[in-house]
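Quick look at target_8.pdb (PDB, C-alpha atoms):
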ATOM      1  CA  MET O   8     100.981 -26.185   5.922  1.00  0.00           C
ATOM      2  CA  ALA O   9     100.912 -26.328   9.699  1.00  0.00           C
ATOM      3  CA  GLU O  10      98.949 -29.398  10.759  1.00  0.00           C
ATOM      4  CA  GLN O  11      96.546 -27.404  12.935  1.00  0.00           C
ATOM      5  CA  ALA O  12      95.823 -24.689  10.337  1.00  0.00           C
ATOM      6  CA  LEU O  13      92.347 -24.476   8.805  1.00  0.00           C
ATOM      7  CA  ILE O  14      93.589 -22.423   5.860  1.00  0.00           C
ATOM      8  CA  ALA O  15      97.118 -21.646   4.718  1.00  0.00           C
ATOM      9  CA  LEU O  16      98.479 -19.351   2.014  1.00  0.00           C
ATOM     10  CA  GLU O  17     101.946 -20.074   0.684  1.00  0.00           C
ATOM     11  CA  SER O  18     103.676 -17.293  -1.291  1.00  0.00           C
ATOM     12  CA  VAL O  19     100.296 -16.176  -2.617  1.00  0.00           C
ATOM     13  CA  GLY O  20     100.067 -13.360  -5.128  1.00  0.00           C
ATOM     14  CA  LEU O  21      97.083 -11.991  -7.008  1.00  0.00           C
ATOM     15  CA  ARG O  22      96.888  -9.603  -9.948  1.00  0.00           C
ATOM     16  CA  TYR O  23      94.050  -7.610 -11.445  1.00  0.00           C
ATOM     17  CA  GLY O  24      95.601  -7.069 -14.844  1.00  0.00           C
ATOM     18  CA  ALA O  25      98.663  -4.896 -14.274  1.00  0.00           C
ATOM     19  CA  LEU O  26      97.733  -4.226 -10.620  1.00  0.00           C
ATOM     20  CA  GLU O  27      99.454  -6.466  -8.076  1.00  0.00           C
ATOM     21  CA  ALA O  28      96.865  -6.698  -5.282  1.00  0.00           C
ATOM     22  CA  LEU O  29      98.674  -9.311  -3.180  1.00  0.00           C
ATOM     23  CA  ARG O  30     102.356 -10.162  -3.157  1.00  0.00           C
ATOM     24  CA  ALA O  31     104.099 -13.204  -1.608  1.00  0.00           C
ATOM     25  CA  VAL O  32     101.595 -13.612   1.229  1.00  0.00           C
ATOM     26  CA  ASN O  33     102.268 -16.405   3.718  1.00  0.00           C
ATOM     27  CA  LEU O  34      99.521 -16.892   6.270  1.00  0.00           C
ATOM     28  CA  SER O  35      98.038 -19.670   8.415  1.00  0.00           C
ATOM     29  CA  ILE O  36      94.639 -19.496  10.088  1.00  0.00           C
ATOM     30  CA  VAL O  37      94.157 -21.563  13.230  1.00  0.00           C
ATOM     31  CA  PRO O  38      90.691 -22.834  14.261  1.00  0.00           C
ATOM     32  CA  GLY O  39      88.781 -20.626  16.670  1.00  0.00           C
ATOM     33  CA  GLU O  40      90.906 -17.487  16.409  1.00  0.00           C
ATOM     34  CA  CYS O  41      89.731 -13.980  15.528  1.00  0.00           C
ATOM     35  CA  VAL O  42      92.128 -12.332  13.076  1.00  0.00           C
ATOM     36  CA  ALA O  43      91.846  -8.687  12.015  1.00  0.00           C
ATOM     37  CA  PHE O  44      93.362  -7.392   8.778  1.00  0.00           C
ATOM     38  CA  VAL O  45      94.268  -3.710   8.892  1.00  0.00           C
ATOM     39  CA  GLY O  46      95.961  -1.244   6.583  1.00  0.00           C
ATOM     40  CA  ALA O  47      95.297   1.758   4.380  1.00  0.00           C
ATOM     41  CA  ASN O  48      92.758   1.747   1.554  1.00  0.00           C
ATOM     42  CA  GLY O  49      94.112  -0.341  -1.289  1.00  0.00           C
ATOM     43  CA  SER O  50      96.423  -2.352   0.948  1.00  0.00           C
ATOM     44  CA  GLY O  51      94.799  -5.639  -0.075  1.00  0.00           C
ATOM     45  CA  LYS O  52      92.556  -6.433   2.912  1.00  0.00           C
ATOM     46  CA  SER O  53      89.362  -7.189   0.976  1.00  0.00           C
ATOM     47  CA  THR O  54      91.244  -9.123  -1.687  1.00  0.00           C
ATOM     48  CA  LEU O  55      92.951 -11.202   0.985  1.00  0.00           C
ATOM     49  CA  LEU O  56      89.596 -12.047   2.581  1.00  0.00           C
ATOM     50  CA  ARG O  57      88.268 -13.249  -0.774  1.00  0.00           C
ATOM     51  CA  VAL O  58      91.337 -15.407  -1.368  1.00  0.00           C
ATOM     52  CA  LEU O  59      91.039 -16.922   2.109  1.00  0.00           C
ATOM     53  CA  HIS O  60      87.366 -17.661   1.414  1.00  0.00           C
ATOM     54  CA  GLY O  61      88.178 -19.212  -1.945  1.00  0.00           C
ATOM     55  CA  LEU O  62      86.154 -16.670  -3.950  1.00  0.00           C
ATOM     56  CA  LEU O  63      89.331 -15.578  -5.752  1.00  0.00           C
ATOM     57  CA  ALA O  64      92.034 -17.932  -6.973  1.00  0.00           C
ATOM     58  CA  PRO O  65      95.643 -16.816  -6.496  1.00  0.00           C
ATOM     59  CA  SER O  66      97.648 -15.781  -9.552  1.00  0.00           C
ATOM     60  CA  ALA O  67     100.731 -17.216  -7.840  1.00  0.00           C
ATOM     61  CA  GLY O  68     101.402 -19.468  -4.867  1.00  0.00           C
ATOM     62  CA  VAL O  69      99.062 -21.940  -3.220  1.00  0.00           C
ATOM     63  CA  ARG O  70      95.949 -21.788  -1.037  1.00  0.00           C
ATOM     64  CA  ARG O  71      95.333 -24.868   1.086  1.00  0.00           C
ATOM     65  CA  GLN O  72      92.519 -25.807   3.426  1.00  0.00           C
ATOM     66  CA  ARG O  73      91.878 -28.856   5.512  1.00  0.00           C
ATOM     67  CA  GLU O  74      88.637 -30.672   6.178  1.00  0.00           C
ATOM     68  CA  ALA O  75      86.541 -30.044   9.268  1.00  0.00           C
ATOM     69  CA  LEU O  76      87.098 -32.315  12.259  1.00  0.00           C
ATOM     70  CA  ASP O  77      84.180 -34.533  11.217  1.00  0.00           C
ATOM     71  CA  GLY O  78      85.673 -35.043   7.749  1.00  0.00           C
ATOM     72  CA  ARG O  79      83.311 -32.775   5.795  1.00  0.00           C
ATOM     73  CA  PRO O  80      84.465 -29.782   3.721  1.00  0.00           C
ATOM     74  CA  LEU O  81      84.853 -26.524   5.613  1.00  0.00           C
ATOM     75  CA  ARG O  82      81.837 -24.234   5.539  1.00  0.00           C
ATOM     76  CA  PHE O  83      82.419 -20.525   4.873  1.00  0.00           C
ATOM     77  CA  ALA O  84      80.163 -17.470   5.132  1.00  0.00           C
ATOM     78  CA  MET O  85      81.026 -13.870   4.305  1.00  0.00           C
ATOM     79  CA  LEU O  86      79.497 -10.626   5.538  1.00  0.00           C
ATOM     80  CA  PHE O  87      79.996  -7.430   3.570  1.00  0.00           C
ATOM     81  CA  GLN O  88      79.818  -3.794   4.629  1.00  0.00           C
ATOM     82  CA  ARG O  89      76.492  -3.368   2.836  1.00  0.00           C
ATOM     83  CA  PRO O  90      74.717  -6.739   2.827  1.00  0.00           C
ATOM     84  CA  PHE O  91      72.564  -7.641  -0.160  1.00  0.00           C
ATOM     85  CA  LEU O  92      69.017  -8.382   0.924  1.00  0.00           C
ATOM     86  CA  PHE O  93      66.321  -9.800  -1.332  1.00  0.00           C
ATOM     87  CA  ARG O  94      62.920  -8.112  -1.700  1.00  0.00           C
ATOM     88  CA  LEU O  95      61.462 -10.667   0.670  1.00  0.00           C
ATOM     89  CA  SER O  96      60.574 -10.897   4.324  1.00  0.00           C
ATOM     90  CA  VAL O  97      63.231 -11.121   7.007  1.00  0.00           C
ATOM     91  CA  GLN O  98      62.575 -14.825   7.525  1.00  0.00           C
ATOM     92  CA  ALA O  99      62.487 -15.552   3.790  1.00  0.00           C
ATOM     93  CA  ASN O 100      65.928 -13.983   3.385  1.00  0.00           C
ATOM     94  CA  VAL O 101      67.333 -16.445   5.921  1.00  0.00           C
ATOM     95  CA  ARG O 102      65.394 -19.371   4.424  1.00  0.00           C
ATOM     96  CA  LEU O 103      66.633 -18.535   0.926  1.00  0.00           C
ATOM     97  CA  GLY O 104      70.220 -18.445   2.163  1.00  0.00           C
ATOM     98  CA  LEU O 105      69.719 -21.893   3.653  1.00  0.00           C
ATOM     99  CA  TRP O 106      68.082 -23.185   0.462  1.00  0.00           C
ATOM    100  CA  LEU O 107      71.077 -22.002  -1.566  1.00  0.00           C
ATOM    101  CA  GLY O 108      73.275 -23.799   0.975  1.00  0.00           C
ATOM    102  CA  GLY O 109      71.381 -27.050   0.449  1.00  0.00           C
ATOM    103  CA  VAL O 110      69.286 -26.922   3.643  1.00  0.00           C
ATOM    104  CA  ARG O 111      65.597 -27.518   2.969  1.00  0.00           C
ATOM    105  CA  GLY O 112      62.305 -28.387   4.603  1.00  0.00           C
ATOM    106  CA  GLU O 113      61.779 -28.574   8.347  1.00  0.00           C
ATOM    107  CA  GLU O 114      65.497 -28.142   9.107  1.00  0.00           C
ATOM    108  CA  ALA O 115      65.541 -24.827   7.227  1.00  0.00           C
ATOM    109  CA  LYS O 116      62.430 -23.676   9.099  1.00  0.00           C
ATOM    110  CA  VAL O 117      63.960 -24.503  12.479  1.00  0.00           C
ATOM    111  CA  ARG O 118      67.368 -23.030  11.664  1.00  0.00           C
ATOM    112  CA  SER O 119      65.909 -19.774  10.326  1.00  0.00           C
ATOM    113  CA  ALA O 120      63.796 -19.300  13.461  1.00  0.00           C
ATOM    114  CA  GLN O 121      66.791 -20.042  15.689  1.00  0.00           C
ATOM    115  CA  ALA O 122      68.992 -17.629  13.743  1.00  0.00           C
ATOM    116  CA  LEU O 123      66.525 -14.756  13.994  1.00  0.00           C
ATOM    117  CA  GLN O 124      66.088 -15.424  17.710  1.00  0.00           C
ATOM    118  CA  ARG O 125      69.882 -15.455  18.040  1.00  0.00           C
ATOM    119  CA  VAL O 126      70.258 -11.918  16.651  1.00  0.00           C
ATOM    120  CA  GLY O 127      67.149 -10.453  18.264  1.00  0.00           C
ATOM    121  CA  LEU O 128      65.008 -10.245  15.127  1.00  0.00           C
ATOM    122  CA  ALA O 129      62.386 -12.931  15.823  1.00  0.00           C
ATOM    123  CA  ALA O 130      59.673 -10.278  16.181  1.00  0.00           C
ATOM    124  CA  GLU O 131      60.583  -8.836  12.770  1.00  0.00           C
ATOM    125  CA  ALA O 132      60.366 -12.147  10.865  1.00  0.00           C
ATOM    126  CA  ALA O 133      57.408 -11.089   8.670  1.00  0.00           C
ATOM    127  CA  ARG O 134      58.668  -7.571   7.900  1.00  0.00           C
ATOM    128  CA  PRO O 135      60.208  -6.697   4.513  1.00  0.00           C
ATOM    129  CA  ALA O 136      63.951  -7.064   4.970  1.00  0.00           C
ATOM    130  CA  ARG O 137      64.710  -3.815   3.175  1.00  0.00           C
ATOM    131  CA  ALA O 138      62.461  -1.889   5.595  1.00  0.00           C
ATOM    132  CA  LEU O 139      64.803  -2.643   8.501  1.00  0.00           C
ATOM    133  CA  SER O 140      67.262  -0.108   9.884  1.00  0.00           C
ATOM    134  CA  GLY O 141      70.917  -0.348   8.894  1.00  0.00           C
ATOM    135  CA  GLY O 142      71.846  -2.075  12.137  1.00  0.00           C
ATOM    136  CA  GLN O 143      68.951  -4.517  11.840  1.00  0.00           C
ATOM    137  CA  GLN O 144      69.919  -5.323   8.249  1.00  0.00           C
ATOM    138  CA  GLN O 145      73.446  -6.152   9.347  1.00  0.00           C
ATOM    139  CA  ARG O 146      72.077  -8.344  12.134  1.00  0.00           C
ATOM    140  CA  LEU O 147      69.886 -10.073   9.544  1.00  0.00           C
ATOM    141  CA  ALA O 148      72.960 -10.689   7.403  1.00  0.00           C
ATOM    142  CA  LEU O 149      74.650 -12.189  10.470  1.00  0.00           C
ATOM    143  CA  ALA O 150      71.600 -14.382  11.096  1.00  0.00           C
ATOM    144  CA  ARG O 151      71.727 -15.606   7.499  1.00  0.00           C
ATOM    145  CA  ALA O 152      75.419 -16.418   7.879  1.00  0.00           C
ATOM    146  CA  TRP O 153      75.042 -18.029  11.330  1.00  0.00           C
ATOM    147  CA  ALA O 154      72.175 -20.231  10.098  1.00  0.00           C
ATOM    148  CA  LEU O 155      74.595 -21.851   7.652  1.00  0.00           C
ATOM    149  CA  GLN O 156      76.674 -22.997  10.643  1.00  0.00           C
ATOM    150  CA  PRO O 157      79.970 -21.868   9.106  1.00  0.00           C
ATOM    151  CA  ASP O 158      83.333 -22.937  10.412  1.00  0.00           C
ATOM    152  CA  VAL O 159      84.816 -19.661   9.163  1.00  0.00           C
ATOM    153  CA  LEU O 160      83.011 -16.311   9.094  1.00  0.00           C
ATOM    154  CA  LEU O 161      84.691 -13.569   7.034  1.00  0.00           C
ATOM    155  CA  LEU O 162      83.716  -9.925   7.544  1.00  0.00           C
ATOM    156  CA  ASP O 163      84.618  -6.994   5.313  1.00  0.00           C
ATOM    157  CA  GLU O 164      84.165  -3.713   7.251  1.00  0.00           C
ATOM    158  CA  PRO O 165      81.010  -5.106   8.890  1.00  0.00           C
ATOM    159  CA  THR O 166      80.081  -1.990  10.893  1.00  0.00           C
ATOM    160  CA  ALA O 167      81.558   0.866   8.847  1.00  0.00           C
ATOM    161  CA  SER O 168      78.196   2.378   7.897  1.00  0.00           C
ATOM    162  CA  LEU O 169      76.441   1.863  11.247  1.00  0.00           C
ATOM    163  CA  ASP O 170      75.756   4.227  14.127  1.00  0.00           C
ATOM    164  CA  PRO O 171      77.479   3.573  17.485  1.00  0.00           C
ATOM    165  CA  SER O 172      74.532   1.682  18.976  1.00  0.00           C
ATOM    166  CA  ALA O 173      74.219  -0.635  15.974  1.00  0.00           C
ATOM    167  CA  LYS O 174      77.991  -1.177  15.968  1.00  0.00           C
ATOM    168  CA  ARG O 175      77.845  -2.335  19.576  1.00  0.00           C
ATOM    169  CA  GLU O 176      75.028  -4.768  18.760  1.00  0.00           C
ATOM    170  CA  VAL O 177      76.973  -6.312  15.886  1.00  0.00           C
ATOM    171  CA  GLU O 178      80.217  -6.437  17.877  1.00  0.00           C
ATOM    172  CA  ASN O 179      78.444  -8.189  20.747  1.00  0.00           C
ATOM    173  CA  LEU O 180      77.152 -10.847  18.357  1.00  0.00           C
ATOM    174  CA  LEU O 181      80.601 -11.343  16.848  1.00  0.00           C
ATOM    175  CA  ALA O 182      82.121 -11.695  20.312  1.00  0.00           C
ATOM    176  CA  GLU O 183      79.519 -14.354  21.151  1.00  0.00           C
ATOM    177  CA  PHE O 184      80.240 -16.230  17.908  1.00  0.00           C
ATOM    178  CA  ALA O 185      83.949 -16.171  18.743  1.00  0.00           C
ATOM    179  CA  MET O 186      83.280 -17.510  22.244  1.00  0.00           C
ATOM    180  CA  GLN O 187      81.432 -20.442  20.672  1.00  0.00           C
ATOM    181  CA  GLY O 188      84.564 -21.361  18.724  1.00  0.00           C
ATOM    182  CA  MET O 189      83.788 -19.907  15.302  1.00  0.00           C
ATOM    183  CA  THR O 190      86.830 -18.695  13.363  1.00  0.00           C
ATOM    184  CA  LEU O 191      86.444 -14.990  12.500  1.00  0.00           C
ATOM    185  CA  LEU O 192      88.466 -13.183   9.834  1.00  0.00           C
ATOM    186  CA  MET O 193      87.773  -9.448   9.700  1.00  0.00           C
ATOM    187  CA  ALA O 194      88.951  -6.488   7.651  1.00  0.00           C
ATOM    188  CA  SER O 195      88.379  -3.265   9.568  1.00  0.00           C
ATOM    189  CA  HIS O 196      89.437   0.372   9.665  1.00  0.00           C
ATOM    190  CA  ASN O 197      88.007   0.661  13.186  1.00  0.00           C
ATOM    191  CA  LEU O 198      91.042   0.098  15.402  1.00  0.00           C
ATOM    192  CA  GLY O 199      88.903   0.274  18.536  1.00  0.00           C
ATOM    193  CA  GLN O 200      86.818  -2.583  17.179  1.00  0.00           C
ATOM    194  CA  VAL O 201      89.965  -4.527  16.296  1.00  0.00           C
ATOM    195  CA  LYS O 202      91.272  -4.017  19.824  1.00  0.00           C
ATOM    196  CA  ARG O 203      87.991  -5.224  21.339  1.00  0.00           C
ATOM    197  CA  LEU O 204      87.537  -8.319  19.168  1.00  0.00           C
ATOM    198  CA  ALA O 205      90.779  -9.551  17.623  1.00  0.00           C
ATOM    199  CA  GLN O 206      93.322 -11.913  19.107  1.00  0.00           C
ATOM    200  CA  ARG O 207      95.732 -11.371  16.225  1.00  0.00           C
ATOM    201  CA  VAL O 208      96.385  -8.474  13.851  1.00  0.00           C
ATOM    202  CA  VAL O 209      97.767  -8.696  10.315  1.00  0.00           C
ATOM    203  CA  TYR O 210      98.995  -5.386   8.879  1.00  0.00           C
ATOM    204  CA  LEU O 211      99.089  -5.038   5.083  1.00  0.00           C
ATOM    205  CA  GLU O 212     100.626  -2.434   2.832  1.00  0.00           C
ATOM    206  CA  HIS O 213     100.558  -2.513  -0.981  1.00  0.00           C
ATOM    207  CA  GLY O 214      99.517  -6.154  -0.960  1.00  0.00           C
ATOM    208  CA  ARG O 215     102.285  -7.321   1.384  1.00  0.00           C
ATOM    209  CA  VAL O 216     101.963  -8.598   4.946  1.00  0.00           C
ATOM    210  CA  LEU O 217     104.354  -6.448   6.977  1.00  0.00           C
ATOM    211  CA  ALA O 218     103.253  -7.564  10.451  1.00  0.00           C
ATOM    212  CA  ASP O 219     101.389 -10.562  11.865  1.00  0.00           C
ATOM    213  CA  VAL O 220     101.340 -10.356  15.657  1.00  0.00           C
ATOM    214  CA  PRO O 221      99.100 -10.839  18.713  1.00  0.00           C
ATOM    215  CA  ALA O 222      96.672  -7.944  19.104  1.00  0.00           C
ATOM    216  CA  ALA O 223      98.182  -6.750  22.402  1.00  0.00           C
ATOM    217  CA  GLN O 224     101.623  -6.602  20.829  1.00  0.00           C
ATOM    218  CA  PHE O 225     100.298  -4.690  17.833  1.00  0.00           C
ATOM    219  CA  PHE O 226      98.619  -1.983  19.914  1.00  0.00           C
ATOM    220  CA  GLU O 227     101.650  -1.662  22.167  1.00  0.00           C
ATOM    221  CA  GLY O 228     103.738  -1.090  19.031  1.00  0.00           C
ATOM    222  CA  VAL O 229     106.170  -3.835  20.027  1.00  0.00           C
ATOM    223  CA  ALA O 230     108.595  -4.922  17.264  1.00  0.00           C
ATOM    224  CA  LEU O 231     106.429  -3.442  14.507  1.00  0.00           C
ATOM    225  CA  PRO O 232     107.843  -2.206  11.198  1.00  0.00           C
ATOM    226  CA  PRO O 233     107.957   1.613  10.819  1.00  0.00           C
ATOM    227  CA  GLU O 234     104.987   1.599   8.417  1.00  0.00           C
ATOM    228  CA  ALA O 235     102.743  -0.125  10.956  1.00  0.00           C
ATOM    229  CA  LYS O 236     103.808   2.268  13.721  1.00  0.00           C
ATOM    230  CA  LEU O 237     102.923   5.238  11.510  1.00  0.00           C
ATOM    231  CA  PHE O 238      99.568   3.640  10.721  1.00  0.00           C
ATOM    232  CA  LEU O 239      98.824   3.258  14.430  1.00  0.00           C
ATOM    233  CA  LYS O 240      99.607   6.941  14.928  1.00  0.00           C
ATOM    234  CA  GLY O 241      97.265   7.894  12.092  1.00  0.00           C
ATOM    235  CA  GLU O 242     100.117   9.206   9.989  1.00  0.00           C
ATOM    236  CA  LEU O 243      99.398   7.027   6.957  1.00  0.00           C
ATOM    237  CA  PRO O 244      96.380   7.612   4.673  1.00  0.00           C
ATOM    238  CA  TRP O 245      93.398   5.324   5.093  1.00  0.00           C
TER     239      TRP O 245
END
Encoding of this model in structure tokens:
Amino acid sequence: MAEQALIALESVGLRYGALEALRAVNLSIVPGECVAFVGANGSGKSTLLRVLHGLLAPSAGVRRQREALDGRPLRFAMLFQRPFLFRLSVQANVRLGLWLGGVRGEEAKVRSAQALQRVGLAAEAARPARALSGGQQQRLALARAWALQPDVLLLDEPTASLDPSAKREVENLLAEFAMQGMTLLMASHNLGQVKRLAQRVVYLEHGRVLADVPAAQFFEGVALPPEAKLFLKGELPW
């Protein structure tokens, strides 16, 4: 494992019964980078995110992670395409997330207020969370994640179901998080979004990593395998 890596996968494989979802994946994640995982449906992007998070244990190989700089365990948060919101107010959803993360009392109150202010939802704090628009719900999910002060934020198609305006709002927040030094790991079919946000692109096909290059190099098609070039041209199925 590279000394500077937050998380490293060494020859990682994962099976769902007879299905091989990941195969011999080697990957290192460096603090503060934004990495996008791209590929057709079924290529292994979502599974890889869950393995990096630690939600799924590899069937083969090793997942390693280091401690944070202050010696505590790394903190992770994950945002899904359709966030699950409790039948509670906007603020209570953030407070409950903090409570589950072990943050209670006055600190939880302050953090929840700061998080809602951060994503532009302070005025909606008392509203039922499920009454929000799709874009507002995704911003609430981001507030809940940000309040946990994660070192690594993982995102699985975070704007796929949103309209263009809501996508821009979420992308702007993610760009701000990245500027503050948060490590972002994102699976996305939106290549425009990948181009705007990612520093590095990992291309997967049938559970294998076929390319792992800087974003500029990926979009220029420099030294990519034929499969990745076809994907860029839209000639492979999503």
Rows by chain and residue number, region 145-203 of chain O within 12 Å of region 216-234 of chain O, shortest pair, only C-alpha atoms, as a tab-separated table:
residue	atom	partner	partner_atom	distance
O:Leu198	CA	O:Phe226	CA	9.1
O:Gly199	CA	O:Phe226	CA	10.1
O:Gln200	CA	O:Ala222	CA	11.4
O:Val201	CA	O:Ala222	CA	8.0
O:Lys202	CA	O:Ala222	CA	6.7
O:Arg203	CA	O:Ala222	CA	9.4
When distances are computed from only C-alpha atoms, which of O:Pro135, O:Gly127, O:Pro38, O:Gly78 shows the smallest separation from Ala99 (chain O)?
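Residue with the minimum atom-to-atom distance to Ala99 (chain O): O:Pro135.
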If we count all atoms listed in the file and set the cut-off at 9 Å, which residues sit around Leu92 (chain O), ignoring sequence neighbours fewer than 4 positions away in its own chain? Please answer as number ranges by chain.
O: 97, 100, 136-137, 144, 147-148
Selection result of the PyMOL selection byres ((chain O and resi 153-170) around 7) on this file, as a tab-separated table (two decimals) with C-alpha atoms, in the coordinates of the input:
chain	number	residue	atom	x	y	z
O	53	SER	CA	89.36	-7.19	0.98
O	56	LEU	CA	89.60	-12.05	2.58
O	81	LEU	CA	84.85	-26.52	5.61
O	82	ARG	CA	81.84	-24.23	5.54
O	83	PHE	CA	82.42	-20.52	4.87
O	84	ALA	CA	80.16	-17.47	5.13
O	85	MET	CA	81.03	-13.87	4.30
O	86	LEU	CA	79.50	-10.63	5.54
O	87	PHE	CA	80.00	-7.43	3.57
O	88	GLN	CA	79.82	-3.79	4.63
O	105	LEU	CA	69.72	-21.89	3.65
O	118	ARG	CA	67.37	-23.03	11.66
O	119	SER	CA	65.91	-19.77	10.33
O	122	ALA	CA	68.99	-17.63	13.74
O	141	GLY	CA	70.92	-0.35	8.89
O	142	GLY	CA	71.85	-2.08	12.14
O	149	LEU	CA	74.65	-12.19	10.47
O	150	ALA	CA	71.60	-14.38	11.10
O	151	ARG	CA	71.73	-15.61	7.50
O	152	ALA	CA	75.42	-16.42	7.88
O	171	PRO	CA	77.48	3.57	17.48
O	172	SER	CA	74.53	1.68	18.98
O	173	ALA	CA	74.22	-0.64	15.97
O	174	LYS	CA	77.99	-1.18	15.97
O	189	MET	CA	83.79	-19.91	15.30
O	190	THR	CA	86.83	-18.70	13.36
O	191	LEU	CA	86.44	-14.99	12.50
O	192	LEU	CA	88.47	-13.18	9.83
O	193	MET	CA	87.77	-9.45	9.70
O	194	ALA	CA	88.95	-6.49	7.65
O	195	SER	CA	88.38	-3.26	9.57
Report, as lines of an AutoDock Vina configuration file, the axis-aligned box around all atoms of region 39-57 of chain O present in the file, extended by 6 Å on each side; give centre and edge lengths in Å to one decimal place.
center_x = 92.3
center_y = -9.4
center_z = 7.5
size_x = 20.2
size_y = 34.4
size_z = 30.4
Between O:Arg79, O:Arg30, O:Arg175, O:Arg71, which is the closest to Gly214 (chain O) once you count all atoms listed in the file?
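Checking each of O:Arg79, O:Arg30, O:Arg175, O:Arg71 against Gly214 (chain O), counting all atoms listed in the file, the winner is O:Arg30.
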So which one's closest to Leu34 (chain O), O:Ser66, O:Gln72, O:Ser140, O:Gln98? Using only C-alpha atoms, please.
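Closest to Leu34 (chain O), using only C-alpha atoms: O:Gln72.
The spacing separating CA of Gln11 (chain O) from CA of Leu76 (chain O) amounts to 10.7 Å.
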Distance CA of Leu103 (chain O)-CA of Leu204 (chain O), one decimal place?
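Separation of CA of Leu103 (chain O) and CA of Leu204 (chain O): 29.6 Å.
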With a distance cut-off of 8 Å and all atoms listed in the file, select the neighbouring residues of Thr54 (chain O), excluding the residue or stretch itself and same-chain residues fewer than 4 positions from it, and output the selection as a ChimeraX atom specification.
/O:28-29,58,63
For each of O:Pro90, O:Gly20, O:Gly109, O:Gly241, take the minimum atom-to-atom distance to Gly68 (chain O), counting all atoms listed in the file, then give the residue where this is smallest.
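Among the listed residues, O:Gly20 lies closest to Gly68 (chain O).
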Suppose you want the space between CA of Asn48 (chain O) and CA of Val69 (chain O); what is it in Å?
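Computing the Euclidean distance for CA of Asn48 (chain O) and CA of Val69 (chain O) yields 25.0 Å.
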Who sits within 7 Å of Ala129 (chain O), all atoms listed in the file, same chain under 4 positions skipped, as a ChimeraX atom specification:
/O:120,123-124
Of the residues O:Ala43, O:Ala25, O:Ile14, O:Ala31, which is the one nearest to Gly61 (chain O), using all atoms listed in the file?
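That would be O:Ile14, the residue with the smallest distance to Gly61 (chain O).
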